[in-house]
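Pasting my_file.pdb here (PDB, C-alpha atoms):
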ATOM      1  CA  MET D 176       0.000   0.000   0.000
ATOM      2  CA  LYS D 177       2.881   2.331   0.817
ATOM      3  CA  LYS D 178       4.445   1.662  -2.618
ATOM      4  CA  VAL D 179       1.227   2.678  -4.393
ATOM      5  CA  PHE D 180       0.900   5.812  -2.263
ATOM      6  CA  PHE D 181       4.534   6.882  -2.781
ATOM      7  CA  SER D 182       4.515   6.137  -6.516
ATOM      8  CA  THR D 183       1.250   8.103  -6.941
ATOM      9  CA  ALA D 184       2.698  10.987  -4.915
ATOM     10  CA  LEU D 185       5.863  10.909  -7.041
ATOM     11  CA  VAL D 186       3.873  10.946 -10.294
ATOM     12  CA  LEU D 187       1.680  13.815  -9.090
ATOM     13  CA  THR D 188       4.727  15.763  -7.949
ATOM     14  CA  LEU D 189       6.430  15.322 -11.329
ATOM     15  CA  LEU D 190       3.235  16.313 -13.140
ATOM     16  CA  GLY D 191       2.969  19.390 -10.935
ATOM     17  CA  PHE D 192       6.526  20.429 -11.753
ATOM     18  CA  TRP D 193       5.911  19.799 -15.455
ATOM     19  CA  ALA D 194       2.673  21.811 -15.468
ATOM     20  CA  PHE D 195       4.254  24.840 -13.816
ATOM     21  CA  ARG D 196       7.566  24.832 -15.682
ATOM     22  CA  PRO D 197       8.558  28.084 -17.385
ATOM     23  CA  LYS D 198       7.053  28.164 -20.835
ATOM     24  CA  VAL D 199       9.043  29.424 -23.781
ATOM     25  CA  ILE D 200       7.059  32.156 -25.482
ATOM     26  CA  ALA D 201       7.932  32.821 -29.094
ATOM     27  CA  PRO D 202       8.518  36.500 -29.751
ATOM     28  CA  ALA D 203       5.907  38.300 -31.816
ATOM     29  CA  GLN D 204       6.654  38.893 -35.469
ATOM     30  CA  TYR D 205       5.968  42.147 -37.263
ATOM     31  CA  LEU D 206       5.258  42.803 -40.917
ATOM     32  CA  MET D 207       4.726  46.093 -42.723
ATOM     33  CA  VAL D 208       2.628  46.939 -45.769
ATOM     34  CA  ILE D 209       3.351  50.255 -47.482
ATOM     35  CA  ARG D 210       1.169  51.847 -50.136
ATOM     36  CA  GLU D 211       3.035  54.475 -52.119
ATOM     37  CA  LEU D 212       1.976  56.803 -54.855
ATOM     38  CA  ASP D 213       5.128  57.984 -56.626
ATOM     39  CA  ARG D 214       4.637  61.439 -58.082
ATOM     40  CA  THR D 215       8.243  62.239 -58.998
ATOM     41  CA  ASP D 216       7.299  63.473 -62.458
ATOM     42  CA  LEU D 217       4.110  65.512 -62.223
ATOM     43  CA  SER D 218       3.560  65.415 -65.986
ATOM     44  CA  GLU D 219       3.142  61.631 -65.919
ATOM     45  CA  GLN D 220       0.566  59.385 -64.326
ATOM     46  CA  PRO D 221       1.273  58.501 -60.678
ATOM     47  CA  LYS D 222       2.973  55.148 -60.166
ATOM     48  CA  PRO D 223       1.268  53.332 -57.269
ATOM     49  CA  ALA D 224       2.930  50.385 -55.542
ATOM     50  CA  LEU D 225       2.364  48.047 -52.587
ATOM     51  CA  THR D 226       5.449  46.933 -50.681
ATOM     52  CA  VAL D 227       5.369  44.133 -48.101
ATOM     53  CA  ILE D 228       8.312  43.971 -45.673
ATOM     54  CA  GLU D 229       8.504  40.498 -44.128
ATOM     55  CA  PRO D 230       9.642  39.828 -40.521
ATOM     56  CA  ASP D 231      13.046  38.642 -41.773
ATOM     57  CA  GLY D 232      13.646  41.947 -43.561
ATOM     58  CA  THR D 233      13.005  40.798 -47.115
ATOM     59  CA  PHE D 234      10.562  42.837 -49.129
ATOM     60  CA  LYS D 235       8.549  42.596 -52.321
ATOM     61  CA  THR D 236       7.103  45.499 -54.239
ATOM     62  CA  GLU D 237       4.058  45.068 -56.448
ATOM     63  CA  GLU D 238       3.673  47.881 -58.951
ATOM     64  CA  LEU D 239       0.032  48.522 -59.779
ATOM     65  CA  PRO D 240      -0.669  49.188 -63.448
ATOM     66  CA  VAL D 241      -3.057  52.087 -63.006
ATOM     67  CA  ILE D 242      -3.487  54.421 -65.934
ATOM     68  CA  ALA D 243      -6.736  56.318 -65.604
ATOM     69  CA  SER D 244      -7.218  56.756 -69.348
ATOM     70  CA  ASN D 245      -7.176  52.952 -69.846
ATOM     71  CA  PHE D 246     -10.387  52.366 -67.900
ATOM     72  CA  PRO D 247     -13.384  52.164 -70.223
ATOM     73  CA  ARG D 248     -16.276  54.545 -69.643
ATOM     74  CA  LYS D 249     -18.695  51.617 -69.338
ATOM     75  CA  SER D 250     -16.755  50.142 -66.374
ATOM     76  CA  ILE D 251     -16.504  53.505 -64.664
ATOM     77  CA  ASN D 252     -20.177  54.362 -65.075
ATOM     78  CA  ALA D 253     -21.173  50.924 -63.756
ATOM     79  CA  THR D 254     -19.723  51.851 -60.353
ATOM     80  CA  ILE D 255     -21.737  55.052 -60.029
ATOM     81  CA  VAL D 256     -24.738  54.598 -57.750
ATOM     82  CA  LYS D 257     -27.825  56.058 -59.347
ATOM     83  CA  GLY D 258     -29.712  58.116 -56.812
ATOM     84  CA  THR D 259     -32.136  60.975 -56.841
ATOM     85  CA  THR D 260     -29.417  63.500 -57.656
ATOM     86  CA  VAL D 261     -27.587  63.619 -60.941
ATOM     87  CA  ASP D 262     -23.804  63.179 -60.789
ATOM     88  CA  SER D 263     -22.443  66.019 -62.873
ATOM     89  CA  THR D 264     -18.782  65.000 -62.674
ATOM     90  CA  SER D 265     -16.845  64.752 -65.889
ATOM     91  CA  THR D 266     -15.623  61.484 -67.361
ATOM     92  CA  ARG D 267     -12.044  62.587 -66.670
ATOM     93  CA  LEU D 268     -12.778  63.099 -62.973
ATOM     94  CA  ARG D 269     -14.635  59.781 -62.814
ATOM     95  CA  ARG D 270     -11.637  58.006 -64.398
ATOM     96  CA  PHE D 271      -9.255  59.445 -61.803
ATOM     97  CA  ARG D 272     -11.635  58.503 -58.987
ATOM     98  CA  TYR D 273     -11.936  54.962 -60.410
ATOM     99  CA  ALA D 274      -8.135  54.659 -60.645
ATOM    100  CA  ARG D 275      -7.736  55.808 -57.031
ATOM    101  CA  ASN D 276     -10.356  53.282 -55.893
ATOM    102  CA  TYR D 277      -8.537  50.574 -57.875
ATOM    103  CA  ILE D 278      -5.432  51.278 -55.775
ATOM    104  CA  TYR D 279      -7.421  51.141 -52.530
ATOM    105  CA  GLN D 280      -9.021  47.889 -53.680
ATOM    106  CA  ALA D 281      -5.582  46.284 -54.147
ATOM    107  CA  GLU D 282      -4.578  47.563 -50.704
ATOM    108  CA  VAL D 283      -7.651  46.058 -49.012
ATOM    109  CA  ARG D 284      -7.132  42.749 -50.835
ATOM    110  CA  LYS D 285      -3.553  42.549 -49.515
ATOM    111  CA  LEU D 286      -4.637  43.367 -45.946
ATOM    112  CA  ASN D 287      -7.421  40.745 -46.100
ATOM    113  CA  GLU D 288      -4.950  38.164 -47.430
ATOM    114  CA  LEU D 289      -2.548  38.843 -44.556
ATOM    115  CA  SER D 290      -5.396  38.791 -42.022
ATOM    116  CA  ALA D 291      -6.403  35.335 -43.272
ATOM    117  CA  GLN D 292      -2.800  34.229 -42.620
ATOM    118  CA  GLY D 293      -3.098  35.265 -38.955
ATOM    119  CA  TRP D 294      -1.685  38.801 -39.058
ATOM    120  CA  SER D 295      -3.507  41.482 -37.075
ATOM    121  CA  LEU D 296      -3.298  45.229 -37.607
ATOM    122  CA  VAL D 297      -1.361  47.112 -34.928
ATOM    123  CA  SER D 298      -1.148  50.629 -36.334
ATOM    124  CA  THR D 299      -1.548  52.744 -39.439
ATOM    125  CA  THR D 300       0.426  55.869 -40.264
ATOM    126  CA  GLN D 301       0.168  58.213 -43.198
ATOM    127  CA  GLU D 302       2.880  60.484 -44.484
ATOM    128  CA  GLY D 303       2.168  62.432 -47.638
ATOM    129  CA  VAL D 304       0.989  59.975 -50.279
ATOM    130  CA  SER D 305       2.321  56.914 -48.428
ATOM    131  CA  THR D 306       0.330  54.809 -45.972
ATOM    132  CA  ARG D 307       2.050  52.295 -43.708
ATOM    133  CA  TYR D 308       0.340  49.399 -41.969
ATOM    134  CA  LEU D 309       2.117  47.583 -39.156
ATOM    135  CA  LEU D 310       0.845  44.034 -38.589
ATOM    136  CA  ARG D 311       1.671  41.563 -35.831
ATOM    137  CA  LYS D 312       1.545  37.801 -35.548
ATOM    138  CA  GLU D 313       1.815  35.965 -32.233
TER     139      GLU D 313
END
Once more with this new file: its structure as structure tokens, please.
Amino acid sequence: MKKVFFSTALVLTLLGFWAFRPKVIAPAQYLMVIRELDRTDLSEQPKPALTVIEPDGTFKTEELPVIASNFPRKSINATIVKGTTVDSTSTRLRRFRYARNYIYQAEVRKLNELSAQGWSLVSTTQEGVSTRYLLRKE
């Protein structure tokens, strides 16, 4: 009877030490997404890009082929919500608005993709025409 008691006490003691041992916590990882709108030459179209800086320091830049004059009028007008008021904006203005929304759409797609991979948004900063998103993964 003593053997059973002592062996059970030993097992419970070892389990207690194992349960309360210091746990190794992996450090959090950070990733950054940067949306830029390069306007170095004001006579040309802006050159938007999305850059993703990985936790290991590597980065990839995706240049977005946005040329406002390439969007057909039919596509642009399809995005206009018809309400009680008439939209009196010109086709040129609508094309620029559509191009800007195309850039934002690519940005949201990238953030949703990273969110599905387990990244969560920590902060957002804006400086001029650049927007930076800092994401964290536990």
Margin query: I'd like the residues picked by the PyMOL selection byres ((chain D and resi 300) around 12) written out as a list in words, using the chain letters and numbers from the file.
Written below: Met207, Val208, Ile209, Arg210, Leu296, Val297, Ser298, Thr299, Gln301, Glu302, Gly303, Val304, Ser305, Thr306, Arg307, Tyr308, Leu309 and Leu310 of chain D
Next item on the list: Record the distance separating CA of Asn287 (chain D) and CA of Tyr205 (chain D), expressed in Å with one decimal.
Entry: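 A separation of 16.1 Å between them.
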Next item on the list: Check the smallest atom-to-atom distance from each of D:Val241, D:Ala203, D:Ala291, D:Leu212 to Phe271 (chain D) using only C-alpha atoms, then report the winner.
Entry: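 Distance minimum relative to Phe271 (chain D) lands on D:Val241.
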Checklist line | Picked residues, the PyMOL selection byres ((chain D and resi 281-283) around 9), expected as a PyMOL selection string | finding: chain D and resi 208-210+225+239+276-280+284-288
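The two atoms in question, CA of Phe234 (chain D) and CA of Arg275 (chain D), are spaced 23.8 Å apart.
What separates CA of Lys235 (chain D) from CA of Lys312 (chain D) is a distance of 18.8 Å.
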Note to self: To test your reading of the syntax: which residues would the PyMOL selection byres ((chain D and resi 238) around 7) return for the file shown? Reply as JSON, numbers by chain.
What the structure shows: {"D": [223, 224, 225, 236, 237, 239, 240]}
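Take the candidates D:Arg267, D:Lys178, D:Asp213, D:Glu229 and check each one against Leu289 (chain D) using all atoms listed in the file; the shortest distance goes to D:Glu229.
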